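J.: Dropping in run_8.tsv, with TSV, C-alpha atoms (C1' of nucleotides).
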```
chain	number	residue	atom	x	y	z
I	1	MET	CA	-7.79	70.03	241.49
I	2	LEU	CA	-8.06	73.08	239.34
I	3	SER	CA	-4.74	74.76	238.67
I	4	LYS	CA	-4.29	78.29	239.91
I	5	LYS	CA	-3.92	79.25	236.31
I	6	THR	CA	-7.44	78.19	235.54
I	7	LYS	CA	-8.82	79.71	238.70
I	8	TYR	CA	-7.16	83.01	237.90
I	9	ALA	CA	-8.40	82.79	234.33
I	10	ILE	CA	-11.99	82.39	235.44
I	11	LYS	CA	-11.63	85.19	237.97
I	12	ALA	CA	-10.27	87.51	235.31
I	13	LEU	CA	-13.08	86.67	232.93
I	14	VAL	CA	-15.64	87.33	235.64
I	15	VAL	CA	-14.07	90.69	236.42
I	16	LEU	CA	-14.02	91.62	232.75
I	17	GLY	CA	-17.57	90.37	232.38
I	18	LYS	CA	-18.61	92.89	234.99
I	19	ASN	CA	-16.67	95.57	233.14
I	20	MET	CA	-18.43	95.21	229.81
I	21	ASP	CA	-19.72	98.78	229.63
I	22	ASN	CA	-16.44	100.41	230.60
I	23	PRO	CA	-13.16	101.00	228.77
I	24	PRO	CA	-10.63	98.14	228.72
I	25	MET	CA	-9.16	97.18	232.05
I	26	GLN	CA	-5.42	96.95	232.72
I	27	ILE	CA	-3.65	93.78	233.79
I	28	GLN	CA	-2.34	95.67	236.77
I	29	LYS	CA	-5.80	96.53	237.98
I	30	ILE	CA	-7.18	93.04	237.56
I	31	ALA	CA	-4.15	91.64	239.34
I	32	GLU	CA	-4.56	93.96	242.29
I	33	GLN	CA	-8.28	93.52	242.55
I	34	GLU	CA	-8.08	89.73	242.54
I	35	SER	CA	-4.73	89.29	244.30
I	36	ILE	CA	-3.13	87.57	241.35
I	37	PRO	CA	0.62	87.92	240.65
I	38	LYS	CA	0.77	90.35	237.78
I	39	LYS	CA	3.36	88.58	235.64
I	40	PHE	CA	1.53	85.31	235.97
I	41	LEU	CA	-1.72	86.96	235.02
I	42	GLU	CA	-0.10	88.44	231.92
I	43	GLN	CA	0.55	84.97	230.57
I	44	ILE	CA	-2.90	83.78	231.39
I	45	LEU	CA	-4.60	86.72	229.73
I	46	LEU	CA	-2.43	86.19	226.69
I	47	ASP	CA	-3.61	82.60	226.45
I	48	LEU	CA	-7.21	83.67	226.80
I	49	ARG	CA	-6.68	86.30	224.17
I	50	ASN	CA	-5.08	83.89	221.74
I	51	ALA	CA	-7.99	81.55	222.33
I	52	GLY	CA	-10.35	84.32	221.27
I	53	PHE	CA	-12.00	85.13	224.58
I	54	LEU	CA	-10.37	88.49	225.06
I	55	PHE	CA	-9.73	91.61	223.08
I	56	SER	CA	-6.64	93.59	223.94
I	57	LYS	CA	-5.43	97.06	223.24
I	58	LYS	CA	-1.86	98.20	223.60
I	59	GLY	CA	-0.47	101.52	224.69
I	60	ALA	CA	-1.76	104.17	227.02
I	61	GLY	CA	-5.42	103.69	227.81
I	62	GLY	CA	-5.16	100.10	226.65
I	63	GLY	CA	-6.06	96.93	228.48
I	64	TYR	CA	-8.30	93.92	228.15
I	65	SER	CA	-11.96	93.44	227.56
I	66	LEU	CA	-14.13	90.45	226.70
I	67	ASN	CA	-14.28	89.59	223.03
I	68	LYS	CA	-17.52	87.66	223.46
I	69	LYS	CA	-20.61	88.08	225.52
I	70	PRO	CA	-20.32	86.65	229.03
I	71	GLU	CA	-23.25	84.40	228.08
I	72	ASP	CA	-21.13	82.82	225.38
I	73	ILE	CA	-18.07	81.91	227.41
I	74	PHE	CA	-18.43	78.55	229.11
I	75	LEU	CA	-16.27	77.07	231.82
I	76	VAL	CA	-15.51	74.04	229.72
I	77	GLN	CA	-13.92	76.21	227.02
I	78	VAL	CA	-11.81	78.11	229.47
I	79	MET	CA	-10.62	74.99	231.22
I	80	ARG	CA	-9.63	73.33	228.00
I	81	VAL	CA	-7.43	76.30	227.18
I	82	THR	CA	-5.79	76.63	230.56
I	83	ASP	CA	-5.77	73.14	232.06
I	84	GLY	CA	-6.31	70.91	229.07
I	85	PRO	CA	-8.38	67.76	229.44
I	86	ILE	CA	-11.59	67.56	231.43
I	87	ALA	CA	-11.53	63.77	231.76
I	88	MET	CA	-9.64	62.17	234.60
I	89	VAL	CA	-7.93	59.59	232.43
I	90	PRO	CA	-6.40	60.41	229.04
I	91	CYS	CA	-8.16	57.51	227.35
I	92	ALA	CA	-11.53	59.04	228.29
I	93	SER	CA	-10.74	62.51	226.99
I	94	LEU	CA	-12.61	63.91	224.02
I	95	ASN	CA	-10.22	66.73	223.16
I	96	PHE	CA	-6.93	65.45	224.56
I	97	TYR	CA	-7.24	61.73	224.01
I	98	HIS	CA	-4.28	59.47	224.27
I	99	LYS	CA	-3.91	55.85	225.09
I	100	CYS	CA	-2.89	54.75	228.58
I	101	GLU	CA	0.51	53.08	228.27
I	102	GLU	CA	-0.22	50.11	230.49
I	103	CYS	CA	-3.70	49.48	229.14
I	104	GLU	CA	-4.02	46.22	227.25
I	105	ASP	CA	-7.45	46.55	225.75
I	106	GLU	CA	-9.10	49.91	225.89
I	107	LYS	CA	-12.30	48.65	224.32
I	108	THR	CA	-13.08	46.42	227.27
I	109	CYS	CA	-11.54	48.53	230.02
I	110	GLY	CA	-14.03	48.95	232.84
I	111	ILE	CA	-12.08	51.79	234.40
I	112	ARG	CA	-12.18	53.75	231.20
I	113	SER	CA	-15.87	53.15	230.86
I	114	ALA	CA	-16.52	54.34	234.41
I	115	PHE	CA	-14.48	57.47	233.86
I	116	ILE	CA	-16.28	58.21	230.63
I	117	ASP	CA	-19.42	58.43	232.77
I	118	VAL	CA	-17.63	60.75	235.16
I	119	ARG	CA	-16.45	62.87	232.28
I	120	ASP	CA	-19.94	63.15	230.85
I	121	ALA	CA	-21.39	64.21	234.18
I	122	THR	CA	-18.67	66.80	234.68
I	123	LEU	CA	-18.93	68.03	231.14
I	124	LYS	CA	-22.64	68.58	231.40
I	125	VAL	CA	-22.20	71.10	234.19
I	126	LEU	CA	-19.16	72.75	232.67
I	127	THR	CA	-20.79	73.22	229.27
I	128	GLU	CA	-23.90	74.69	230.87
I	129	THR	CA	-22.13	77.20	233.08
I	130	SER	CA	-21.09	80.50	231.51
I	131	ILE	CA	-19.32	83.53	232.88
I	132	ALA	CA	-22.70	85.26	232.82
I	133	HIS	CA	-24.13	82.53	235.04
I	134	ILE	CA	-21.37	82.99	237.53
I	135	ILE	CA	-21.89	86.73	237.65
I	136	ALA	CA	-25.64	86.34	237.99
I	137	ARG	CA	-25.21	83.92	240.84
I	138	GLU	CA	-22.88	86.22	242.68
I	139	ASP	CA	-25.39	89.04	242.38
I	140	LYS	CA	-28.11	86.78	243.65
I	141	MET	CA	-26.07	85.53	246.58
I	142	LYS	CA	-25.12	89.05	247.56
I	143	LEU	CA	-28.76	90.04	247.64
I	144	LEU	CA	-29.56	87.15	249.93
I	145	LEU	CA	-27.14	88.29	252.62
P	1	MET	CA	-6.23	63.89	236.04
P	2	LEU	CA	-6.25	60.80	238.15
P	3	SER	CA	-2.89	60.05	239.72
P	4	LYS	CA	-1.21	56.83	238.72
P	5	LYS	CA	-1.53	55.83	242.32
P	6	THR	CA	-5.30	55.91	242.13
P	7	LYS	CA	-5.38	54.22	238.77
P	8	TYR	CA	-3.18	51.42	240.05
P	9	ALA	CA	-5.32	51.16	243.17
P	10	ILE	CA	-8.49	50.66	241.17
P	11	LYS	CA	-6.77	48.17	238.89
P	12	ALA	CA	-5.59	46.16	241.86
P	13	LEU	CA	-9.05	46.17	243.41
P	14	VAL	CA	-10.56	44.98	240.16
P	15	VAL	CA	-8.04	42.16	239.89
P	16	LEU	CA	-8.70	41.13	243.45
P	17	GLY	CA	-12.42	41.40	242.88
P	18	LYS	CA	-12.09	38.83	240.14
P	19	ASN	CA	-10.07	36.65	242.47
P	20	MET	CA	-12.67	36.41	245.24
P	21	ASP	CA	-13.00	32.61	245.14
P	22	ASN	CA	-9.28	31.91	245.10
P	23	PRO	CA	-6.54	32.08	247.71
P	24	PRO	CA	-4.92	35.49	248.35
P	25	MET	CA	-2.92	36.93	245.51
P	26	GLN	CA	0.67	38.11	245.84
P	27	ILE	CA	1.78	41.69	245.20
P	28	GLN	CA	4.26	40.31	242.71
P	29	LYS	CA	1.55	38.68	240.66
P	30	ILE	CA	-0.73	41.69	240.63
P	31	ALA	CA	2.20	43.89	239.64
P	32	GLU	CA	3.17	41.66	236.74
P	33	GLN	CA	-0.37	41.15	235.53
P	34	GLU	CA	-1.14	44.88	235.50
P	35	SER	CA	2.33	46.22	234.64
P	36	ILE	CA	2.63	48.18	237.86
P	37	PRO	CA	6.04	48.81	239.51
P	38	LYS	CA	6.07	46.34	242.37
P	39	LYS	CA	7.51	48.59	245.06
P	40	PHE	CA	5.06	51.32	244.21
P	41	LEU	CA	2.18	48.87	244.31
P	42	GLU	CA	3.28	47.70	247.76
P	43	GLN	CA	2.65	51.13	249.18
P	44	ILE	CA	-0.66	51.48	247.45
P	45	LEU	CA	-1.91	48.12	248.69
P	46	LEU	CA	-0.84	49.06	252.19
P	47	ASP	CA	-2.92	52.21	252.01
P	48	LEU	CA	-5.90	50.27	250.76
P	49	ARG	CA	-5.43	47.75	253.52
P	50	ASN	CA	-5.17	50.41	256.20
P	51	ALA	CA	-8.34	51.94	254.82
P	52	GLY	CA	-10.09	48.62	255.31
P	53	PHE	CA	-10.55	47.55	251.71
P	54	LEU	CA	-8.05	44.73	251.75
P	55	PHE	CA	-7.15	41.77	253.89
P	56	SER	CA	-3.53	40.68	253.91
P	57	LYS	CA	-1.71	37.57	254.97
P	58	LYS	CA	2.03	37.30	255.47
P	59	GLY	CA	4.38	34.41	254.82
P	60	ALA	CA	4.32	31.59	252.32
P	61	GLY	CA	0.94	31.29	250.69
P	62	GLY	CA	0.16	34.82	251.80
P	63	GLY	CA	-0.99	37.78	249.75
P	64	TYR	CA	-3.93	40.12	249.42
P	65	SER	CA	-7.66	39.64	249.06
P	66	LEU	CA	-10.65	41.96	249.26
P	67	ASN	CA	-11.92	42.60	252.74
P	68	LYS	CA	-15.34	43.67	251.44
P	69	LYS	CA	-17.58	42.54	248.66
P	70	PRO	CA	-16.78	44.16	245.32
P	71	GLU	CA	-20.34	45.54	245.42
P	72	ASP	CA	-19.47	47.48	248.53
P	73	ILE	CA	-16.33	49.24	247.33
P	74	PHE	CA	-17.10	52.46	245.51
P	75	LEU	CA	-14.78	54.57	243.40
P	76	VAL	CA	-15.38	57.60	245.55
P	77	GLN	CA	-14.04	55.81	248.62
P	78	VAL	CA	-10.95	54.61	246.86
P	79	MET	CA	-10.21	58.01	245.37
P	80	ARG	CA	-10.54	59.74	248.71
P	81	VAL	CA	-7.94	57.40	250.15
P	82	THR	CA	-5.45	57.64	247.32
P	83	ASP	CA	-5.96	61.07	245.77
P	84	GLY	CA	-7.81	62.99	248.44
P	85	PRO	CA	-10.47	65.50	247.45
P	86	ILE	CA	-13.00	64.96	244.69
P	87	ALA	CA	-13.85	68.64	244.25
P	88	MET	CA	-11.78	70.78	241.93
P	89	VAL	CA	-11.41	73.64	244.39
P	90	PRO	CA	-10.64	73.15	248.08
P	91	CYS	CA	-13.49	75.42	249.15
P	92	ALA	CA	-15.96	73.09	247.45
P	93	SER	CA	-14.66	69.91	249.02
P	94	LEU	CA	-16.81	67.97	251.46
P	95	ASN	CA	-14.08	65.83	253.00
P	96	PHE	CA	-11.01	67.98	252.45
P	97	TYR	CA	-12.39	71.46	252.76
P	98	HIS	CA	-10.17	74.43	253.22
P	99	LYS	CA	-10.53	78.06	252.37
P	100	CYS	CA	-8.96	79.51	249.22
P	101	GLU	CA	-6.32	81.99	250.31
P	102	GLU	CA	-7.19	84.74	247.87
P	103	CYS	CA	-10.95	84.41	248.25
P	104	GLU	CA	-12.56	87.40	249.86
P	105	ASP	CA	-16.05	86.15	250.45
P	106	GLU	CA	-16.70	82.49	250.04
P	107	LYS	CA	-20.41	82.84	250.65
P	108	THR	CA	-20.94	84.87	247.54
P	109	CYS	CA	-18.26	83.32	245.34
P	110	GLY	CA	-19.72	82.35	242.00
P	111	ILE	CA	-16.79	80.17	241.09
P	112	ARG	CA	-17.21	78.15	244.24
P	113	SER	CA	-20.88	77.76	243.62
P	114	ALA	CA	-20.27	76.54	240.06
P	115	PHE	CA	-17.71	74.03	241.23
P	116	ILE	CA	-20.02	72.75	243.92
P	117	ASP	CA	-22.32	71.79	241.06
P	118	VAL	CA	-19.44	70.10	239.29
P	119	ARG	CA	-18.55	68.25	242.46
P	120	ASP	CA	-22.08	67.03	242.94
P	121	ALA	CA	-22.30	65.73	239.40
P	122	THR	CA	-18.95	63.96	239.69
P	123	LEU	CA	-19.79	62.60	243.09
P	124	LYS	CA	-23.02	61.09	241.90
P	125	VAL	CA	-21.24	58.88	239.41
P	126	LEU	CA	-18.35	58.01	241.71
P	127	THR	CA	-20.63	57.01	244.57
P	128	GLU	CA	-22.74	54.85	242.29
P	129	THR	CA	-19.88	52.98	240.68
P	130	SER	CA	-18.47	49.99	242.55
P	131	ILE	CA	-15.67	47.60	241.78
P	132	ALA	CA	-18.40	45.05	241.01
P	133	HIS	CA	-19.88	47.40	238.43
P	134	ILE	CA	-16.55	47.77	236.74
P	135	ILE	CA	-16.03	44.03	236.60
P	136	ALA	CA	-19.55	43.44	235.31
P	137	ARG	CA	-19.04	46.01	232.58
P	138	GLU	CA	-15.80	44.46	231.48
P	139	ASP	CA	-17.48	41.07	231.19
P	140	LYS	CA	-20.30	42.59	229.21
P	141	MET	CA	-17.95	44.45	226.87
P	142	LYS	CA	-15.90	41.34	226.28
P	143	LEU	CA	-19.01	39.43	225.27
P	144	LEU	CA	-19.93	42.10	222.77
P	145	LEU	CA	-16.71	41.72	220.82
E	1	DA	C1'	15.03	25.33	264.64
E	2	DA	C1'	16.25	27.12	260.36
E	3	DA	C1'	15.10	28.76	256.02
E	4	DA	C1'	12.15	30.65	252.71
E	5	DA	C1'	8.23	33.29	251.42
E	6	DT	C1'	5.65	36.71	251.95
E	7	DG	C1'	3.86	41.49	253.64
E	8	DT	C1'	5.31	46.09	256.54
E	9	DC	C1'	7.48	50.26	257.28
E	10	DT	C1'	10.37	54.26	256.69
E	11	DA	C1'	13.27	56.90	254.21
E	12	DC	C1'	15.20	58.45	250.13
E	13	DT	C1'	15.68	59.85	245.12
E	14	DA	C1'	14.20	61.23	240.69
E	15	DT	C1'	11.22	63.46	237.77
E	16	DT	C1'	7.69	66.18	236.31
E	17	DC	C1'	4.62	69.93	236.56
E	18	DC	C1'	3.06	74.20	238.50
E	19	DT	C1'	3.80	78.78	239.87
E	20	DA	C1'	6.08	82.65	239.46
E	21	DT	C1'	9.59	85.90	237.84
E	22	DA	C1'	12.80	88.21	234.57
E	23	DT	C1'	13.96	90.40	230.50
E	24	DA	C1'	13.59	92.29	226.17
E	25	DC	C1'	10.39	93.77	222.66
E	26	DT	C1'	6.16	96.05	220.27
E	27	DT	C1'	2.43	99.13	219.81
E	28	DT	C1'	-0.29	103.25	220.84
E	29	DA	C1'	-1.57	107.75	222.88
E	30	DT	C1'	-0.20	112.22	224.04
W	1	DA	C1'	9.92	111.56	221.98
W	2	DT	C1'	8.20	109.55	225.91
W	3	DA	C1'	5.32	106.94	228.75
W	4	DA	C1'	1.88	103.50	229.11
W	5	DA	C1'	0.35	99.68	228.07
W	6	DG	C1'	0.40	94.61	226.07
W	7	DT	C1'	3.56	90.51	223.78
W	8	DA	C1'	6.75	86.88	223.91
W	9	DT	C1'	10.05	83.73	225.50
W	10	DA	C1'	13.10	81.84	228.82
W	11	DT	C1'	14.15	80.22	233.16
W	12	DA	C1'	14.22	79.36	238.15
W	13	DG	C1'	12.25	77.48	242.39
W	14	DG	C1'	9.35	74.53	244.68
W	15	DA	C1'	5.82	71.20	245.42
W	16	DA	C1'	3.72	67.04	244.17
W	17	DT	C1'	4.02	62.64	241.96
W	18	DA	C1'	6.30	58.45	240.82
W	19	DG	C1'	9.33	55.20	241.85
W	20	DT	C1'	13.35	52.76	244.57
W	21	DA	C1'	15.96	50.74	248.47
W	22	DG	C1'	16.71	48.35	252.49
W	23	DA	C1'	15.85	46.60	256.87
W	24	DC	C1'	12.18	44.38	259.49
W	25	DA	C1'	8.20	41.25	260.94
W	26	DT	C1'	5.37	37.31	260.43
W	27	DT	C1'	4.02	32.89	258.75
W	28	DT	C1'	4.73	28.53	256.48
W	29	DT	C1'	7.53	24.78	255.18
W	30	DT	C1'	11.13	21.59	255.89
```
Rewrite the structure from the file as structure tokens, please.

T.:
Amino acid sequence: MLSKKTKYAIKALVVLGKNMDNPPMQIQKIAEQESIPKKFLEQILLDLRNAGFLFSKKGAGGGYSLNKKPEDIFLVQVMRVTDGPIAMVPCASLNFYHKCEECEDEKTCGIRSAFIDVRDATLKVLTETSIAHIIAREDKMKLLL
Amino acid sequence: MLSKKTKYAIKALVVLGKNMDNPPMQIQKIAEQESIPKKFLEQILLDLRNAGFLFSKKGAGGGYSLNKKPEDIFLVQVMRVTDGPIAMVPCASLNFYHKCEECEDEKTCGIRSAFIDVRDATLKVLTETSIAHIIAREDKMKLLL
DNA sequence: AAAAATGTCTACTATTCCTATATACTTTAT
DNA sequence: ATAAAGTATATAGGAATAGTAGACATTTTT
């Protein structure tokens, strides 16, 4: 399961992706609009900022905006910042690899090999889906109603 | 991340899959062989038994054996018993669906729609991979060394 | 029949991680 | 100078995960 942190992070990026042509948006506003606890959101936005996804401005009239185009922010990148590994077992992780304690021989571990397949399948979708895609899909789905 | 419970469950099933032609195997032995806490493993095997994957026999000479062919036990089934949902968000789950509290309109939620894609990709691999596959792969990988 | 070997069941404890909150600090606009 | 923001770190509470304990039930062996 996705952590709330990650879910909130994606929501915030989507909101900011829709706000591209406007002045920066305040934490407060994002929090209200998406029903996210403000203080929690602060931390999340900070992480996203430190990871380079967001631009922030302090003081009156400040707030957050995207630091990249929505087309260039992919779910996989966000999730790695907020949740860490994509793989379901540490020994199958590309970016957060570590050996499973109990595992005797990783090279011939069938479980690992199966979960490398799972990881690859998951990764394919996550690396192909950007914030822009999500926004576009929402627009499309709204039209269809 | 996979819970240890699920990991242990798969390991046990693999061990028992390799033991098909022999008498039932004791919890104790599986626990030692796979470095799994015995008492924890007891619970897990019980779950697997109640879900129909295992056959058990009490008393001297008792133990556990597979109740199905290794070809007919798929990772997705095991994971649903031990970990629950496959999807990363509850609103995208087939077997454990429930609405996200904060979500205003599920029908037009872009995040949901993206994670339905992720779920489908994950599911494909998990429904195609059986305990027999895992065993066969291990044999193959051992030969290649 | 008694004893030993196993699995069954329920409850409890410990630990870790997630979620959220609190507090103090920094920068910027007016 | 003051108010409106974001920055940073610490910590508390709670839920989920991992693991443990003990009494019980069934089957085999002697």

J.: For chain W, list the residues within 8 Å of chain I, counting only C-alpha atoms (C1' of nucleotides), and write the list as a PyMOL selection string.

T.: chain W and resi 3-7

J.: Output C-alpha atoms (C1' of nucleotides) for every residue in the selection just made, as an mmCIF file, in the frame of the given file.

T.:
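Output file out.cif is given in full below:
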```cif
data_model
loop_
_atom_site.group_PDB
_atom_site.id
_atom_site.type_symbol
_atom_site.label_atom_id
_atom_site.label_comp_id
_atom_site.auth_asym_id
_atom_site.auth_seq_id
_atom_site.Cartn_x
_atom_site.Cartn_y
_atom_site.Cartn_z
ATOM 1 C "C1'" DA W 3 5.320 106.940 228.750
ATOM 2 C "C1'" DA W 4 1.880 103.500 229.110
ATOM 3 C "C1'" DA W 5 0.350 99.680 228.070
ATOM 4 C "C1'" DG W 6 0.400 94.610 226.070
ATOM 5 C "C1'" DT W 7 3.560 90.510 223.780
#
```

J.: Distance atom CA of Ser93 of chain I-atom CA of Leu123 of chain I, one decimal place?

T.: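 Value for the atom CA of Ser93 of chain I-atom CA of Leu123 of chain I distance: 10.7 Å.
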
J.: Would you kindly return, as a VMD selection string, each protein, DNA or RNA residue with an atom no farther than 10 Å from any atom of segment 5-12 of chain P, considering all atoms listed in the file and excluding same-chain residues fewer than 2 positions away?

T.: (chain I and resid 88 to 89 110 to 111) or (chain P and resid 2 to 3 14 to 18 27 30 to 31 33 to 37 40 to 41 43 to 45 47 to 48 64 to 66 74 to 75 78 to 84 131 134) or (chain W and resid 17 to 18)

J.: Give me, as an NGL selection string, all polymer residues having an atom no more than 10 Å from segment 10-16 of chain E, counting only C-alpha atoms (C1' of nucleotides) and skipping those fewer than 6 positions away in the same chain.

T.: :W and (16-23)

J.: Report as a tab-separated table the residues of chain E within 6 Å of chain P, each with its shortest atom pair and distance in Å (one decimal), using all atoms listed in the file, ordered by chain and increasing residue number.

T.:
```
residue	atom	partner	partner_atom	distance
E:DA5	C1'	P:Ala60	CA	4.4
E:DT6	C1'	P:Gly59	CA	3.9
E:DG7	C1'	P:Lys58	CA	4.9
```

J.: Please provide as an mmCIF file with C-alpha atoms, keeping the file's coordinate frame all residues within 12 Å of Tyr97 of chain I, with the sequence filter that same-chain residues fewer than 6 positions apart are discarded (counting only C-alpha atoms (C1' of nucleotides)).

T.:
```cif
data_model
loop_
_atom_site.group_PDB
_atom_site.id
_atom_site.type_symbol
_atom_site.label_atom_id
_atom_site.label_comp_id
_atom_site.auth_asym_id
_atom_site.auth_seq_id
_atom_site.Cartn_x
_atom_site.Cartn_y
_atom_site.Cartn_z
ATOM 1 C CA GLY I 84 -6.310 70.910 229.070
ATOM 2 C CA PRO I 85 -8.380 67.760 229.440
ATOM 3 C CA ILE I 86 -11.590 67.560 231.430
ATOM 4 C CA ALA I 87 -11.530 63.770 231.760
ATOM 5 C CA MET I 88 -9.640 62.170 234.600
ATOM 6 C CA VAL I 89 -7.930 59.590 232.430
ATOM 7 C CA PRO I 90 -6.400 60.410 229.040
ATOM 8 C CA CYS I 91 -8.160 57.510 227.350
ATOM 9 C CA ARG I 112 -12.180 53.750 231.200
ATOM 10 C CA ILE I 116 -16.280 58.210 230.630
#
```

J.: Point out the residue among I:Met20, I:Leu54, I:Met25, I:Cys103 with the least atom-to-atom distance to chain P, counting all atoms listed in the file.

T.: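 Using all atoms listed in the file, chain P sits closest to I:Cys103.
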